[in-house]
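**Student:** If you scroll down you'll find the structure; I have some questions about it.
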Amino acid sequence: MMDSDPPFRETYKTLFADDESSPTKISLNDRDTMVEEGELPLVDLSRLELDDEAGKERCKEEIARAANEWGFFQVINHGISRDILDKMREEQVEVFKKPFYNKCREDKFMNFSAGSYRWGTPTATSLRQLSWSEAFHIPMTDISSFGSLNATFSSSVAQFATKVASLAQNLAEILAEKSGQNSTFFQENSLLSSCYLRLNRYPPCPVPLFGLMPHTDSDFLTVLHQDQIGGLQLVKDGKWIAVKPNPQALLINIGDIFQAWSNDCYKSVQHCVVTNPTKERFSAAYFLCPSYETVIESCSKPSVYRRFSFKEYRQQVQEDVQNYGYKVGLPRFLA
């Protein structure tokens with residue numbers, strides 16, 4: 001039987017050799033002992049459907065407060081059924097069980113666009129820069145064919161993607177409204193072709209490494225469905241916090257582009273995933289992104305950031321990762 005796991009050890013053997021011979025061996029152990037588990041702000045979205053206008057406003061205020069103070073929050077009663085979430089996860093588990101070679105030839109064997117399957121960190125020069133994970137990066141334009149042209153997934157993934165896309169738009173409009181701005185900006189500038197779903201798997205890792213390096217998201221906002229293994233961590237008040245999984249909730253986090261547009265009203269915060277030594281972890285993330293041509297301009301004055309296009313931002317991020325091994329992000333675009 002062909003192995004389904006990516007060949008991390010073989011591909012990055014030089015990095016492992018350098019780490020083992022280094023007098024200051026890279027390890028996450030010391031860092032992990034300082035990370036406390038915590039629960040994110042929890043918002044019940046069912047209150048948005050009530051006739052009680054005061055209750056609706058309180059719900060919207062909670063969303064805006066969490067985006068401002070944390071940059072991350074959880075939502076329950078979000079409109080996506082347990083049945084859809086469970087079926088989507090079952091199919092996600094199955095697709096990652098396919099032989100590694102088949103996943104690498106996703107265009108031939110799995111009817112995905114070439115380049116959809118990604119694993120590891122090609123630019124890594126040390127274990128600190130290596131992400132021990134694999135993922136399918138699927139544009140929303142490809143997801144529309146699931147259950148018909150694409151037999152890898154049934155319609156449950158398309159249903160999940162459609163519903164989280166609607167949820168992301170609704171939350172973006174609420175956040176815009178609570179900052180006193182035009183709530184249609186995100187609907188007008190987030191196209192089907194610019195948004196995508198990322199299906200993640202974090203294999204068990206025998207040594208403590210990042211499943212996903214510390215980073216911020218380069219989008220408007222992200223909606224995440226994760227399993228109960230844990231591993232997601234984020235920065236709050238200068239300290240790392242391990243997020244306690246909630247089986248009923250979806251996670252929402254603000255991206256760089258929303259922070260720039262809101263003129264720092266809402267925060268895009270660093271987060272990462274740490275590996276588990278014995279258990280694999282799965283998650284699915286929807287990224288609400290603007291079109292490349294969208295010009296981002298702070299919605300209030302004085303502007304913290306200069307005007308820039310999403311294309312310019314993405315190109316700068318890619319250039320920085322190539323040159324330095326990490327993303328610099330918004331500090332590049334200060335006014």
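Convention: chains lettered A, B, ... in structure tokens order; per-chain residue numbering from 1; ligands numbered from 1 as shown.
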Run DSSP on the backbone and grab whatever in range 90-290 of chain A lands in alpha helix (DSSP H); send it over as a ChimeraX atom specification.
**Tutor:** /A:90-96,100-104,106-109,140-143,155-178,185-189,256-261
**Student:** Counting only C-alpha atoms, what are the residues of range 225-290 of chain A within 10 Å of range 305-317 of chain A, and for each of them which pair of atoms is the nearest and at what distance in Å, to one decimal? Sort the table by chain and rising number, as CSV.
**Tutor:**
```
residue,atom,partner,partner_atom,distance
A:Asp256,CA,A:Tyr313,CA,9.7
A:Ile257,CA,A:Phe310,CA,7.9
A:Gln259,CA,A:Tyr305,CA,9.8
A:Ala260,CA,A:Tyr305,CA,6.4
A:Trp261,CA,A:Tyr305,CA,8.6
A:Asn263,CA,A:Tyr305,CA,7.3
A:Asp264,CA,A:Tyr305,CA,9.1
A:Cys289,CA,A:Phe310,CA,8.7
A:Pro290,CA,A:Phe310,CA,6.8
```
**Student:** For those residues, write C-alpha atoms to a file as a tab-separated table (two decimals), in the first residue's frame.
**Tutor:**
```
chain	number	residue	atom	x	y	z
A	256	ASP	CA	-4.86	41.91	7.42
A	257	ILE	CA	-7.00	43.53	4.75
A	259	GLN	CA	-7.52	45.59	9.71
A	260	ALA	CA	-6.20	48.02	7.10
A	261	TRP	CA	-9.67	48.90	5.81
A	263	ASN	CA	-7.95	51.65	10.16
A	264	ASP	CA	-6.90	49.33	13.00
A	289	CYS	CA	-10.76	37.74	-0.04
A	290	PRO	CA	-11.09	40.80	-2.28
```
**Student:** Could you give me, as a PyMOL selection string, the residues within 7 Å of range 236-243 of chain A, counting only C-alpha atoms and dropping anything in the same chain fewer than 4 positions from it?
**Tutor:** chain A and resi 35-39+70+231-232
**Student:** Could you go through range 15-194 of chain A and tell me which residues DSSP, when run on the backbone, assigns to strand (DSSP E), listing them as an MDAnalysis selection string?
**Tutor:** chainID A and resid 36:38 42:44 72:76 117:119 134:139
**Student:** What are the nearest atom pairs, with distances in Å to one decimal, for all residues of range 125-238 of chain A that come at most 10 Å from range 87-107 of chain A, using only C-alpha atoms, set out by chain and rising residue number as a Markdown table?
**Tutor:**
```
| residue | atom | partner | partner_atom | distance |
| --- | --- | --- | --- | --- |
| A:Glu134 | CA | A:Phe96 | CA | 8.6 |
| A:Ala135 | CA | A:Phe96 | CA | 8.6 |
| A:Phe136 | CA | A:Lys103 | CA | 9.0 |
| A:Thr152 | CA | A:Val95 | CA | 7.2 |
| A:Phe153 | CA | A:Glu91 | CA | 6.4 |
| A:Ser154 | CA | A:Glu91 | CA | 7.9 |
| A:Ser155 | CA | A:Met88 | CA | 8.7 |
| A:Ser156 | CA | A:Met88 | CA | 5.4 |
| A:Val157 | CA | A:Met88 | CA | 5.3 |
| A:Ala158 | CA | A:Met88 | CA | 8.9 |
| A:Gln159 | CA | A:Met88 | CA | 8.8 |
| A:Phe160 | CA | A:Met88 | CA | 7.3 |
| A:Ala161 | CA | A:Met88 | CA | 9.8 |
| A:Leu199 | CA | A:Gln92 | CA | 7.2 |
| A:Asn200 | CA | A:Gln92 | CA | 8.5 |
| A:Arg201 | CA | A:Phe96 | CA | 7.4 |
| A:His225 | CA | A:Arg89 | CA | 9.4 |
| A:Gln226 | CA | A:Arg89 | CA | 9.3 |
| A:Asp227 | CA | A:Arg89 | CA | 8.7 |
```
**Student:** List as a list in words the protein and nucleic acid residues near Leu15 in chain A, meaning an atom at most 8 Å away when only C-alpha atoms are counted, but skip any in the same chain fewer than 6 places from it.
**Tutor:**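 Surrounding residues, per the criterion: Thr125, Ser126 and Leu127 of chain A.
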**Student:** With only C-alpha atoms as the basis for distance, which of A:Cys265, A:Ile84, A:Ala176, A:Ala285 is at the shortest distance from Tyr196 in chain A?
**Tutor:**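 Ranked by minimum distance to Tyr196 in chain A, first place goes to A:Ala285.
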**Student:** Determine, counting only C-alpha atoms, which protein, DNA and RNA residues have an atom within 8 Å of an atom of range 52-60 of chain A; residues of the same chain fewer than 4 positions away are not included. Present the result as a VMD selection string.
**Tutor:** chain A and resid 43 to 45 47 to 48 64 174 to 175 178
**Student:** State, in Å with one decimal place, the distance from CA of Ser183 in chain A to CA of Asn68 in chain A.
**Tutor:**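 Going from CA of Ser183 in chain A over to CA of Asn68 in chain A covers 17.2 Å.
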**Student:** Could you tell me which of A:Glu319, A:Tyr326, A:Ile63, A:Asp51 comes closest to Glu177 in chain A if we count only C-alpha atoms?
**Tutor:**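 That would be A:Ile63, the residue with the smallest distance to Glu177 in chain A.
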**Student:** Using only C-alpha atoms, pick whichever of A:Ile229, A:Leu224, A:Pro206, A:Gly211 has the shortest atom-to-atom distance to Pro277 in chain A.
**Tutor:**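 Using only C-alpha atoms, Pro277 in chain A sits closest to A:Pro206.
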**Student:** Quote the spacing between CA of Lys267 in chain A and CA of Gly329 in chain A in Å to one decimal place.
**Tutor:**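 Computed distance, CA of Lys267 in chain A to CA of Gly329 in chain A, equals 13.0 Å.
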**Student:** Record the distance separating CA of Phe210 in chain A and CA of Cys272 in chain A, expressed in Å with one decimal.
**Tutor:**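 Those two atoms sit 7.3 Å apart.
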**Student:** Using only C-alpha atoms, which of the listed residues (A:Asn246, A:Thr278, A:Gln187, A:Ser166) sits closest to Val207 in chain A?
**Tutor:**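 Looking only at the distances to Val207 in chain A, the closest residue turns out to be A:Thr278.
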**Student:** If we count only C-alpha atoms and set the cut-off at 8 Å, which residues sit around Ser131 in chain A, ignoring sequence neighbours fewer than 5 positions away in its own chain? Please answer as a list in words.
**Tutor:**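 Residues meeting the cut-off are Trp119, Gly120, Thr121, Leu209, Phe210, Gly211, Leu212 and Met213 of chain A.
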**Student:** Let me make sure I understand: among A:Leu130, A:Leu330, A:Met140, A:Leu234, which one has the smallest atom-to-atom distance to Thr162 in chain A if we use only C-alpha atoms?
**Tutor:**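 Smallest distance to Thr162 in chain A is found for A:Met140.
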